[in-house]
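Next up, entry15.tsv (TSV, C-alpha atoms):
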```tsv
chain	number	residue	atom	x	y	z
A	2	MET	CA	0.00	0.00	0.00
A	3	LYS	CA	1.42	3.36	-0.99
A	4	ASN	CA	1.94	6.06	1.64
A	5	GLU	CA	-0.46	8.35	-0.21
A	6	ASN	CA	-3.26	5.80	0.23
A	7	ILE	CA	-2.42	5.28	3.90
A	8	ILE	CA	-2.53	9.04	4.40
A	9	GLN	CA	-5.98	9.23	2.82
A	10	TYR	CA	-7.10	6.36	5.01
A	11	ILE	CA	-5.88	8.18	8.12
A	12	TYR	CA	-7.67	11.38	7.09
A	13	GLY	CA	-10.89	9.36	7.00
A	14	ILE	CA	-10.45	8.67	10.72
A	15	ALA	CA	-8.53	11.69	11.99
A	16	ASP	CA	-10.66	14.38	10.33
A	17	ASN	CA	-13.70	13.13	12.25
A	18	ALA	CA	-11.81	13.70	15.50
A	19	LEU	CA	-10.63	17.15	14.42
A	20	ILE	CA	-14.01	18.41	13.25
A	21	LEU	CA	-15.98	17.00	16.18
A	22	GLY	CA	-13.29	18.37	18.50
A	23	GLN	CA	-13.71	21.78	16.86
A	24	ARG	CA	-17.50	21.66	17.27
A	25	LEU	CA	-17.12	20.80	20.96
A	26	SER	CA	-14.49	23.50	21.41
A	27	GLU	CA	-16.99	26.08	20.15
A	28	LEU	CA	-18.99	25.30	23.29
A	29	CYS	CA	-16.17	26.18	25.67
A	30	GLY	CA	-17.73	28.62	28.13
A	31	HIS	CA	-21.20	28.08	26.64
A	32	GLY	CA	-22.23	24.76	28.19
A	33	PRO	CA	-25.61	24.68	29.95
A	34	ASN	CA	-23.83	24.42	33.30
A	35	LEU	CA	-20.29	24.19	34.58
A	36	GLU	CA	-20.06	20.39	34.76
A	37	THR	CA	-21.29	19.75	31.23
A	38	ASP	CA	-19.21	22.63	29.92
A	39	ILE	CA	-16.09	21.03	31.40
A	40	ALA	CA	-17.12	17.61	30.13
A	41	LEU	CA	-17.61	18.78	26.54
A	42	THR	CA	-14.31	20.62	26.47
A	43	ASN	CA	-12.53	17.66	28.07
A	44	MET	CA	-13.84	15.47	25.27
A	45	ALA	CA	-12.76	18.08	22.73
A	46	LEU	CA	-9.28	17.93	24.23
A	47	ASP	CA	-9.13	14.13	23.94
A	48	LEU	CA	-10.27	14.29	20.32
A	49	LEU	CA	-7.80	17.01	19.38
A	50	GLY	CA	-5.05	15.07	21.15
A	51	GLN	CA	-5.87	12.00	19.09
A	52	THR	CA	-5.97	14.17	15.96
A	53	ARG	CA	-2.47	15.42	16.69
A	54	SER	CA	-1.12	11.88	16.95
A	55	TYR	CA	-2.68	10.95	13.60
A	56	TYR	CA	-1.50	14.13	11.85
A	57	GLN	CA	2.03	13.82	13.23
A	58	TYR	CA	2.08	10.36	11.70
A	59	VAL	CA	0.74	11.69	8.38
A	60	ALA	CA	3.44	14.37	8.40
A	61	GLN	CA	6.03	11.65	8.90
A	62	LEU	CA	4.58	9.49	6.10
A	63	SER	CA	4.30	12.32	3.62
A	64	GLY	CA	8.05	12.83	3.82
A	65	ASP	CA	7.94	16.52	2.88
A	66	GLU	CA	8.13	19.65	5.01
A	67	LYS	CA	4.50	19.45	6.06
A	68	THR	CA	3.70	19.67	9.78
A	69	GLU	CA	0.66	18.62	11.80
A	70	ASP	CA	-0.46	22.27	11.81
A	71	ASP	CA	-0.36	22.50	8.01
A	72	ILE	CA	-2.52	19.42	7.83
A	73	ALA	CA	-5.05	20.70	10.35
A	74	PHE	CA	-5.24	24.29	9.18
A	75	LEU	CA	-4.21	24.61	5.57
A	76	ARG	CA	-6.21	22.10	3.59
A	77	ILE	CA	-9.18	23.16	1.50
A	78	GLU	CA	-12.69	21.92	2.21
A	79	ARG	CA	-12.69	19.08	-0.34
A	80	GLN	CA	-9.54	17.64	1.24
A	81	TYR	CA	-11.20	17.02	4.61
A	82	LYS	CA	-12.64	13.50	4.71
A	83	ASN	CA	-14.81	13.64	7.84
A	84	VAL	CA	-18.37	12.31	7.79
A	85	LEU	CA	-21.28	14.77	7.63
A	86	LEU	CA	-22.44	13.82	11.12
A	87	VAL	CA	-19.56	15.46	12.98
A	88	GLU	CA	-19.75	18.78	11.13
A	89	GLN	CA	-23.40	19.38	11.98
A	90	PRO	CA	-23.63	22.62	13.96
A	91	ASN	CA	-24.28	22.91	17.68
A	92	ARG	CA	-27.91	23.52	18.45
A	93	HIS	CA	-29.44	22.82	21.85
A	94	PHE	CA	-27.70	20.59	24.40
A	95	GLY	CA	-29.81	17.54	23.49
A	96	TYR	CA	-28.67	17.92	19.89
A	97	VAL	CA	-24.99	18.15	20.88
A	98	ILE	CA	-25.36	15.03	23.04
A	99	THR	CA	-27.14	13.08	20.29
A	100	ARG	CA	-24.45	13.93	17.73
A	101	GLN	CA	-21.83	12.91	20.28
A	102	PHE	CA	-23.60	9.66	21.15
A	103	PHE	CA	-24.01	8.68	17.48
A	104	TYR	CA	-20.30	9.26	16.94
A	105	ASP	CA	-18.98	7.82	20.23
A	106	VAL	CA	-20.60	4.42	19.66
A	107	PHE	CA	-19.03	4.21	16.20
A	108	HIS	CA	-15.71	5.62	17.38
A	109	LEU	CA	-15.28	3.02	20.11
A	110	LEU	CA	-16.13	0.11	17.79
A	111	LEU	CA	-13.67	1.48	15.23
A	112	LEU	CA	-10.79	1.87	17.68
A	113	GLN	CA	-11.40	-1.57	19.17
A	114	GLU	CA	-10.73	-2.98	15.70
A	115	LEU	CA	-7.98	-0.53	14.77
A	116	GLN	CA	-5.92	-1.62	17.77
A	117	ASN	CA	-5.30	-4.87	15.85
A	118	SER	CA	-3.89	-2.99	12.87
A	119	ASN	CA	-0.55	-4.27	11.61
A	120	ASP	CA	0.58	-0.65	11.49
A	121	GLU	CA	2.10	-0.19	14.94
A	122	THR	CA	1.55	3.57	15.14
A	123	LEU	CA	-2.15	3.32	14.28
A	124	SER	CA	-2.51	0.45	16.72
A	125	ALA	CA	-0.85	2.53	19.48
A	126	ILE	CA	-3.07	5.56	18.81
A	127	ALA	CA	-6.14	3.32	18.90
A	128	LYS	CA	-5.17	1.65	22.18
A	129	LYS	CA	-4.64	5.02	23.79
A	130	GLY	CA	-7.91	6.35	22.37
A	131	ILE	CA	-10.05	3.41	23.52
A	132	LYS	CA	-9.61	4.43	27.13
A	133	GLU	CA	-10.74	7.96	26.39
A	134	VAL	CA	-13.58	7.14	24.04
A	135	SER	CA	-15.15	4.56	26.40
A	136	TYR	CA	-15.48	7.38	28.87
A	137	HIS	CA	-17.06	9.64	26.21
A	138	GLN	CA	-19.53	6.94	25.30
A	139	ARG	CA	-20.50	6.47	28.92
A	140	PHE	CA	-21.09	10.21	29.29
A	141	SER	CA	-23.17	10.64	26.13
A	142	SER	CA	-25.20	7.42	26.71
A	143	ASP	CA	-26.03	8.56	30.25
A	144	TRP	CA	-27.24	11.90	28.98
A	145	ILE	CA	-29.33	10.33	26.20
A	146	LYS	CA	-31.11	8.31	28.88
A	147	ARG	CA	-31.46	11.23	31.24
A	148	LEU	CA	-32.90	13.54	28.57
A	149	GLY	CA	-35.02	10.92	26.82
A	150	ASP	CA	-36.49	9.64	30.05
A	151	GLY	CA	-36.54	13.10	31.63
A	152	THR	CA	-39.17	15.80	31.25
A	153	GLU	CA	-41.67	16.07	28.42
A	154	GLU	CA	-39.62	18.91	26.92
A	155	SER	CA	-36.25	17.16	27.15
A	156	HIS	CA	-37.78	14.01	25.67
A	157	GLN	CA	-39.25	15.93	22.76
A	158	LYS	CA	-36.04	17.85	22.06
A	159	VAL	CA	-33.78	14.81	22.11
A	160	GLN	CA	-36.24	12.82	19.98
A	161	GLU	CA	-36.16	15.61	17.40
A	162	ALA	CA	-32.37	15.50	17.45
A	163	VAL	CA	-32.38	11.71	16.97
A	164	ASP	CA	-34.83	12.08	14.05
A	165	ASP	CA	-32.75	14.82	12.47
A	166	LEU	CA	-29.31	13.26	12.87
A	167	TRP	CA	-30.33	9.69	12.01
A	168	LYS	CA	-29.82	10.30	8.29
A	169	TYR	CA	-26.11	10.86	8.87
A	170	THR	CA	-25.44	7.55	10.62
A	171	ASP	CA	-25.30	5.27	7.58
A	172	GLU	CA	-22.35	7.13	6.09
A	173	LEU	CA	-20.18	5.93	8.98
A	174	PHE	CA	-20.18	2.49	7.32
A	175	HIS	CA	-19.45	3.56	3.75
A	176	THR	CA	-16.01	2.76	2.39
A	177	THR	CA	-13.70	4.53	0.00
A	178	LYS	CA	-11.10	2.94	-2.23
A	179	ASP	CA	-8.45	3.78	0.36
A	180	ASP	CA	-10.51	2.20	3.15
A	181	GLU	CA	-10.68	-1.01	1.15
A	182	LEU	CA	-6.97	-1.00	0.36
A	183	ALA	CA	-6.18	-0.38	4.02
A	184	PHE	CA	-8.42	-3.22	5.13
A	185	GLN	CA	-6.96	-5.65	2.58
A	186	SER	CA	-3.42	-4.90	3.66
A	187	GLY	CA	-4.19	-5.39	7.35
A	188	ILE	CA	-3.78	-1.72	8.24
A	189	GLY	CA	-7.41	-0.68	8.30
A	190	VAL	CA	-10.74	-1.75	9.69
A	191	ASP	CA	-13.58	-3.47	7.84
A	192	VAL	CA	-16.16	-0.83	8.81
A	193	PRO	CA	-19.26	-2.36	7.16
A	194	LYS	CA	-18.81	-5.23	9.60
A	195	LEU	CA	-19.36	-2.83	12.54
A	196	LYS	CA	-22.79	-1.76	11.34
A	197	GLU	CA	-24.85	-4.44	13.03
A	198	ARG	CA	-23.17	-3.97	16.41
A	199	TYR	CA	-23.53	-0.20	16.05
A	200	TYR	CA	-27.28	-0.15	15.50
A	201	LYS	CA	-27.78	-2.76	18.20
A	202	ARG	CA	-25.95	-0.66	20.77
A	203	ILE	CA	-27.72	2.55	19.63
A	204	GLY	CA	-31.08	0.76	19.78
A	205	GLU	CA	-30.49	-0.49	23.32
A	206	VAL	CA	-29.70	2.97	24.66
A	207	LEU	CA	-32.55	4.67	22.78
A	208	GLU	CA	-34.96	2.08	24.08
A	209	GLU	CA	-33.84	2.57	27.64
A	210	ALA	CA	-34.21	6.31	27.08
A	211	THR	CA	-37.84	5.73	25.94
A	212	LEU	CA	-36.94	7.17	22.54
A	213	THR	CA	-38.19	5.91	19.19
A	214	ILE	CA	-35.82	4.65	16.52
A	215	PRO	CA	-36.56	6.58	13.30
A	216	GLU	CA	-37.98	4.55	10.43
A	217	THR	CA	-36.44	6.65	7.70
A	218	LYS	CA	-34.49	4.66	5.14
A	219	TRP	CA	-33.05	7.68	3.37
A	220	PHE	CA	-29.50	8.57	4.32
A	221	GLN	CA	-27.26	11.50	3.56
A	222	LYS	CA	-23.66	11.03	2.40
A	223	GLY	CA	-20.70	12.84	0.83
A	224	GLY	CA	-18.26	13.79	3.59
A	225	LYS	CA	-15.99	10.83	2.95
A	226	GLN	CA	-15.53	12.05	-0.62
A	227	GLY	CA	-14.90	15.59	0.62
A	228	ILE	CA	-18.35	16.81	-0.41
A	229	HIS	CA	-19.59	18.51	2.73
A	230	SER	CA	-22.73	20.20	3.96
A	231	GLU	CA	-23.13	23.99	3.88
A	232	HIS	CA	-21.95	24.15	7.52
A	233	MET	CA	-18.42	22.99	6.80
A	234	GLY	CA	-17.19	26.20	5.16
A	235	TYR	CA	-18.17	28.27	8.19
A	236	LEU	CA	-16.53	25.81	10.53
A	237	LEU	CA	-13.29	25.88	8.53
A	238	SER	CA	-13.19	29.66	8.30
A	239	ASP	CA	-13.27	29.72	12.07
A	240	LEU	CA	-10.78	26.86	12.49
A	241	GLN	CA	-8.33	28.19	9.93
A	242	TYR	CA	-8.63	31.91	10.62
A	243	MET	CA	-5.42	32.40	12.60
A	244	GLN	CA	-3.16	30.41	10.25
A	245	ARG	CA	-4.65	32.07	7.16
A	246	THR	CA	-4.36	35.56	8.62
A	247	TYR	CA	-0.98	35.16	10.30
A	248	PRO	CA	0.79	32.40	8.34
A	249	ASN	CA	3.09	30.21	10.46
A	250	MET	CA	1.98	31.81	13.70
A	251	LYS	CA	2.67	29.78	16.83
A	252	TRP	CA	1.13	29.92	20.30
B	1	MET	CA	6.61	8.16	17.09
B	2	THR	CA	8.17	5.09	18.55
B	3	ILE	CA	7.15	2.26	20.81
B	4	ALA	CA	8.72	1.76	24.26
B	5	LEU	CA	7.79	-1.51	25.84
B	6	GLU	CA	9.29	-1.25	29.31
B	7	GLN	CA	10.64	1.42	31.54
B	8	HIS	CA	14.42	1.80	31.26
B	9	ILE	CA	15.91	4.52	33.42
B	10	ASP	CA	19.61	5.15	33.89
B	11	PRO	CA	20.01	5.59	37.71
B	12	SER	CA	22.40	8.51	37.21
B	13	LEU	CA	19.65	10.53	35.50
B	14	ILE	CA	16.99	10.01	38.15
B	15	SER	CA	18.06	12.95	40.30
B	16	ILE	CA	17.62	15.35	37.34
B	17	LEU	CA	14.28	13.88	36.30
B	18	GLU	CA	12.89	13.87	39.82
B	19	LYS	CA	13.29	17.63	40.02
B	20	ILE	CA	10.84	18.15	37.16
B	21	SER	CA	7.25	18.40	38.30
B	22	ASP	CA	3.99	17.83	36.51
B	23	PRO	CA	2.84	21.37	35.59
B	24	GLU	CA	-0.78	20.59	36.43
B	25	ILE	CA	-0.05	18.76	39.69
B	26	PRO	CA	3.12	20.50	40.93
B	27	VAL	CA	3.59	18.22	43.97
B	28	LEU	CA	4.18	15.28	41.68
B	29	SER	CA	7.45	14.73	39.84
B	30	ILE	CA	7.28	13.33	36.34
B	31	MET	CA	9.02	10.22	37.71
B	32	ASP	CA	6.30	9.68	40.34
B	33	MET	CA	3.70	10.23	37.64
B	34	GLY	CA	5.27	7.41	35.62
B	35	VAL	CA	5.37	9.35	32.36
B	36	VAL	CA	9.14	8.86	31.83
B	37	ARG	CA	9.50	5.51	30.08
B	38	PHE	CA	13.11	5.63	28.96
B	39	ALA	CA	16.17	7.62	30.01
B	40	GLN	CA	19.61	6.48	28.84
B	41	ILE	CA	22.80	8.16	27.77
B	42	VAL	CA	23.64	7.18	24.19
B	43	ASP	CA	26.82	8.69	22.70
B	44	ASP	CA	26.87	11.46	25.33
B	45	VAL	CA	23.27	12.44	24.60
B	46	ALA	CA	20.51	11.75	27.12
B	47	GLN	CA	17.67	10.06	25.26
B	48	ILE	CA	14.40	10.59	27.11
B	49	LYS	CA	11.06	9.10	26.13
B	50	ILE	CA	7.89	10.35	27.77
B	51	THR	CA	4.31	9.19	27.34
B	52	PRO	CA	1.13	11.28	27.73
B	53	THR	CA	-1.46	10.51	30.41
B	54	TYR	CA	-4.26	11.45	27.96
B	55	SER	CA	-3.86	12.02	24.19
B	56	GLY	CA	-4.58	15.73	24.45
B	57	CYS	CA	-2.69	16.35	27.69
B	58	PRO	CA	-1.48	19.95	27.31
B	59	ALA	CA	1.16	19.35	29.99
B	60	MET	CA	3.30	17.28	27.62
B	61	ASP	CA	4.73	20.26	25.74
B	62	VAL	CA	5.63	21.96	29.02
B	63	ILE	CA	7.16	18.78	30.42
B	64	GLU	CA	9.31	18.44	27.31
B	65	GLU	CA	10.56	22.01	27.67
B	66	ASP	CA	11.23	21.50	31.37
B	67	ILE	CA	13.31	18.40	30.61
B	68	VAL	CA	15.36	20.31	28.05
B	69	HIS	CA	16.00	23.09	30.60
B	70	ALA	CA	16.88	20.72	33.42
B	71	PHE	CA	19.42	18.87	31.29
B	72	ALA	CA	20.88	22.10	29.94
B	73	GLU	CA	21.51	23.15	33.53
B	74	ALA	CA	23.27	19.83	34.17
B	75	ASN	CA	25.33	20.35	30.99
B	76	ILE	CA	23.99	17.24	29.36
B	77	GLU	CA	22.75	17.25	25.82
B	78	VAL	CA	19.24	15.84	25.63
B	79	LYS	CA	16.73	14.55	23.09
B	80	VAL	CA	13.10	14.09	24.12
B	81	ASP	CA	10.64	11.87	22.25
B	82	LEU	CA	6.97	11.21	22.79
B	83	VAL	CA	5.86	7.57	22.84
B	84	LEU	CA	2.27	6.33	22.77
B	85	SER	CA	2.62	2.64	23.38
B	86	PRO	CA	2.10	1.03	25.78
B	87	ALA	CA	-0.53	3.53	26.84
B	88	TRP	CA	-0.03	5.18	30.22
B	89	THR	CA	-1.96	3.73	33.13
B	90	THR	CA	-2.57	5.03	36.64
B	91	ASP	CA	-0.76	1.89	37.87
B	92	TRP	CA	2.46	3.66	36.94
B	93	ILE	CA	1.97	6.35	39.60
B	94	THR	CA	4.44	5.41	42.34
B	95	PRO	CA	3.38	4.85	45.99
B	96	ARG	CA	5.20	8.07	46.84
B	97	GLY	CA	3.24	9.81	44.08
B	98	ARG	CA	-0.07	8.52	45.44
B	99	LYS	CA	0.82	9.80	48.88
B	100	ALA	CA	1.76	13.22	47.46
B	101	LEU	CA	-1.58	13.37	45.61
B	102	GLU	CA	-3.56	12.68	48.79
B	103	GLU	CA	-1.59	15.28	50.74
B	104	TYR	CA	-2.23	17.80	47.98
B	105	GLY	CA	-5.99	17.19	48.23
B	106	ILE	CA	-6.51	14.88	45.24
B	107	ALA	CA	-7.98	11.43	45.91
B	108	ALA	CA	-5.66	8.80	44.39
B	109	PRO	CA	-7.09	6.38	41.78
B	110	LEU	CA	-8.85	3.23	42.99
B	111	GLU	CA	-8.53	-0.18	41.35
B	112	GLU	CA	-10.34	-0.60	38.04
B	113	GLU	CA	-13.49	-2.32	39.35
B	114	ALA	CA	-13.81	-0.08	42.40
B	115	ASP	CA	-13.28	2.95	40.16
B	116	LYS	CA	-16.16	1.90	37.92
B	117	GLU	CA	-18.46	1.48	40.92
B	118	ALA	CA	-17.44	4.91	42.23
B	119	LEU	CA	-17.88	6.71	38.92
B	120	LEU	CA	-21.24	5.07	38.28
B	121	GLY	CA	-22.33	6.15	41.75
B	122	ASN	CA	-23.01	2.57	42.88
B	123	LYS	CA	-20.75	2.63	45.91
B	124	LYS	CA	-19.44	5.32	48.18
B	125	ILE	CA	-15.77	4.36	48.29
B	126	VAL	CA	-13.77	7.41	47.22
B	127	LYS	CA	-12.13	8.78	50.35
B	128	CYS	CA	-12.25	12.51	51.03
B	129	PRO	CA	-8.61	13.74	51.14
B	130	GLN	CA	-9.59	16.34	53.76
B	131	CYS	CA	-11.46	14.33	56.40
B	132	SER	CA	-11.04	10.71	55.19
B	133	SER	CA	-14.80	10.11	55.09
B	134	THR	CA	-16.07	7.83	52.32
B	135	ASN	CA	-19.47	9.51	52.44
B	136	THR	CA	-18.70	11.23	49.14
B	137	LYS	CA	-20.52	11.69	45.85
B	138	MET	CA	-19.51	12.42	42.28
B	139	ILE	CA	-20.41	15.91	41.08
B	140	SER	CA	-19.01	15.64	37.58
B	141	GLN	CA	-17.50	12.82	35.50
B	142	PHE	CA	-15.01	15.32	34.10
B	143	GLY	CA	-12.91	17.61	36.27
B	144	SER	CA	-10.39	20.42	36.02
B	145	THR	CA	-8.04	18.31	33.89
B	146	ALA	CA	-8.57	15.30	31.64
B	147	CYS	CA	-7.34	12.88	34.30
B	148	LYS	CA	-9.72	13.89	37.09
B	149	ALA	CA	-13.39	13.72	38.11
B	150	LEU	CA	-15.02	16.08	40.58
B	151	PHE	CA	-16.33	14.78	43.91
B	152	GLN	CA	-17.78	16.29	47.04
B	153	CYS	CA	-17.59	15.07	50.61
B	154	GLU	CA	-21.01	14.93	52.25
B	155	ASP	CA	-19.54	15.05	55.73
B	156	CYS	CA	-17.11	17.98	55.60
B	157	LEU	CA	-18.79	19.34	52.42
B	158	GLU	CA	-15.46	20.03	50.70
B	159	PRO	CA	-15.36	19.48	46.94
B	160	PHE	CA	-12.27	17.63	45.74
B	161	ASP	CA	-10.68	16.08	42.67
B	162	TYR	CA	-10.52	12.33	42.22
B	163	PHE	CA	-7.80	10.98	39.95
B	164	LYS	CA	-9.63	8.58	37.61
B	165	CYS	CA	-8.31	5.06	37.20
B	166	LEU	CA	-6.98	4.54	33.69
B	167	LYS	CA	-6.03	1.06	32.48
```
Structure re-expressed in structure tokens:
Amino acid sequence: MKNENIIQYIYGIADNALILGQRLSELCGHGPNLETDIALTNMALDLLGQTRSYYQYVAQLSGDEKTEDDIAFLRIERQYKNVLLVEQPNRHFGYVITRQFFYDVFHLLLLQELQNSNDETLSAIAKKGIKEVSYHQRFSSDWIKRLGDGTEESHQKVQEAVDDLWKYTDELFHTTKDDELAFQSGIGVDVPKLKERYYKRIGEVLEEATLTIPETKWFQKGGKQGIHSEHMGYLLSDLQYMQRTYPNMKW
Amino acid sequence: MTIALEQHIDPSLISILEKISDPEIPVLSIMDMGVVRFAQIVDDVAQIKITPTYSGCPAMDVIEEDIVHAFAEANIEVKVDLVLSPAWTTDWITPRGRKALEEYGIAAPLEEEADKEALLGNKKIVKCPQCSSTNTKMISQFGSTACKALFQCEDCLEPFDYFKCLK
């Protein structure tokens, strides 16, 4: 497998962590109360930390002068390979939690497989990440139950979020050419295989939360090919602002 | 990024490394924290490998700088690398480190199973570092840094940090 294909494969994983981390970072200081504010930013920190490990590895594989910062801040929209789910904007707290829950369940299943990768760096990043992501999943699952089985208003709001975000879940299991190459060479994960376990786990939590699983069979896709929703441009202009305005700036 | 399987520390370097403290928990040296996995002199250069507690731990950059400064003061050339595997665990905090945590007001991590029970609120077992009561409750799963959760003692009413078990 050529380095270029491995790099694309890594973007497919790492960009999800970057973009979701960015969305959570936007909430720093805006959480509904102190504890949840700290929790969301803690999760953002874990995700950005994981992103750094992936991008440092990409920088090493690409063999040019590129750094992790270039990769995070200086690509154009079409070059980001995150799924549409993670770029969806923050709305109310129930919406943020639902987006997180839908991603956490996938993320944990993915890392549990990726730890068996024959690429030792990816395996190490996955092993480290599993510990963090299990904690995220516990947090978001708890909140899904608390909101779903809470007041009439919280139930209604989180149900609306589930109905709205459901259409982005199927894309998690789509594969690109690079995903397939990575899987065949023992580096990557066979994501379609995770689908059944994913929906089972999601179903169990939603049921306990007295929420209804949407019946819609129509799913949105495009992020993995770099074709994003209208929200992505705004997110990137925020994310990239400092590096675009003051090239090579450092903290 | 490299892989360091076991801890290998040259005894002559310990005194330098023990002077460097964790920037977020200043009572704890990076040795007591267990983040130094390798420290050997190779061709007159001290090769140091450190591992993060959590992936996004912002203390790592500061720790790296502090190591560079400490070795510069000792007139030893140094090279610091970050390693990810095996992943850090709270088991690597030394007994001395655990004691320092408690004295500083942070409850030291419990064993894995006990930790789960405590964080799920099933059992009251986290001991208040102020009054030693176990009549405590979790306030928040996430605390002031990635490695801690927030608790409160229901006897002396003091809030305190609990260092989460990580395995």
So that each row is one residue of chain A with an atom at most 8 Å from chain B, can you give its shortest atom pair and the distance in Å to one decimal, using all atoms listed in the file, rows by chain and rising number, as a Markdown table?
```
| residue | atom | partner | partner_atom | distance |
| --- | --- | --- | --- | --- |
| A:Glu36 | CA | B:Ser140 | CA | 5.6 |
| A:Thr37 | CA | B:Ser140 | CA | 7.9 |
| A:Ile39 | CA | B:Phe142 | CA | 6.4 |
| A:Ala40 | CA | B:Phe142 | CA | 5.0 |
| A:Asn43 | CA | B:Ala146 | CA | 5.8 |
| A:Leu46 | CA | B:Gly56 | CA | 5.2 |
| A:Asp47 | CA | B:Gly56 | CA | 4.9 |
| A:Leu48 | CA | B:Gly56 | CA | 7.2 |
| A:Leu49 | CA | B:Gly56 | CA | 6.1 |
| A:Gly50 | CA | B:Gly56 | CA | 3.4 |
| A:Gln51 | CA | B:Ser55 | CA | 5.5 |
| A:Ser54 | CA | B:Ser55 | CA | 7.7 |
| A:Tyr58 | CA | B:Met1 | CA | 7.4 |
| A:Thr122 | CA | B:Met1 | CA | 7.1 |
| A:Ala125 | CA | B:Ser85 | CA | 5.2 |
| A:Ile126 | CA | B:Leu84 | CA | 6.7 |
| A:Lys128 | CA | B:Ala87 | CA | 6.8 |
| A:Lys129 | CA | B:Ala87 | CA | 5.3 |
| A:Gly130 | CA | B:Ser55 | CA | 7.2 |
| A:Lys132 | CA | B:Leu166 | CA | 7.1 |
| A:Glu133 | CA | B:Tyr54 | CA | 7.5 |
| A:Phe140 | CA | B:Gln141 | CA | 7.6 |
```
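Residues surrounding Leu82 of chain B within 6 Å are Lys49, Ile50 and Thr51 of chain B [all atoms listed in the file; sequence separation below 2 positions excluded].
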Rounded to one decimal place, report the atom CA of Asn4 of chain A-atom CA of Met60 of chain B distance in Å.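 Spanning atom CA of Asn4 of chain A to atom CA of Met60 of chain B is a straight-line distance of 28.3 Å.
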With all atoms listed in the file as the basis for distance, which of A:Gln244, A:Thr42, A:Asn6, A:Ser186 is at the shortest distance from His137 of chain A?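 When distances to His137 of chain A are compared using all atoms listed in the file, the smallest one comes from A:Thr42.
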Computed interatomic separation between atom CA of Gln47 of chain B and atom CA of Ile9 of chain B (Å):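 The value is 10.0 Å.
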Measure the distance from atom CA of Ile63 of chain B to atom CA of Thr90 of chain B in Å and round it to one decimal.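 The value is 18.0 Å.
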Pick out the residues sitting within 9 Å of Thr177 of chain A, and hand them over as a PyMOL selection string; count only C-alpha atoms, and ignore anything fewer than 4 positions along from it in its own chain. chain A and resi 10+13+181-182+225-226
From the list A:Gly22, A:Pro215, A:Gly30, A:Gly227, the nearest residue to Tyr104 of chain A using only C-alpha atoms is A:Gly22
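Considering the residues A:Gln80, A:Gln116, A:Ser141, A:Thr213 and counting only C-alpha atoms, His229 of chain A has its shortest atom-to-atom contact with A:Gln80.
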Spatial neighbours of Val27 of chain B, max dist 10 Å, only C-alpha atoms, sep filter under 6 positions, as a PyMOL selection string: chain B and resi 20-21+97+100-101+103-104
When you look at Ala118 of chain B with a cut-off of 10 Å (counting all atoms listed in the file), what residues show up, excluding the ones that are within fewer than 5 positions of it in the same chain? I need them as a compact mmCIF listing (two decimals) with C-alpha atoms, in the coordinates of the input.
```
# COMPACT_ATOMS: atom_id res chain seq x y z
CA LEU B 110 -8.85 3.23 42.99
CA GLU B 112 -10.34 -0.60 38.04
CA GLU B 113 -13.49 -2.32 39.35
CA LYS B 123 -20.75 2.63 45.91
CA LYS B 124 -19.44 5.32 48.18
CA ILE B 125 -15.77 4.36 48.29
CA VAL B 126 -13.77 7.41 47.22
CA THR B 136 -18.70 11.23 49.14
CA LYS B 137 -20.52 11.69 45.85
CA MET B 138 -19.51 12.42 42.28
CA LYS B 164 -9.63 8.58 37.61
```
From the options B:Lys19, B:Lys148, B:Asp44, B:His69, which residue's atoms come nearest to Leu119 of chain B, counting only C-alpha atoms?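 Of the candidates, the smallest distance to Leu119 of chain B is held by B:Lys148.
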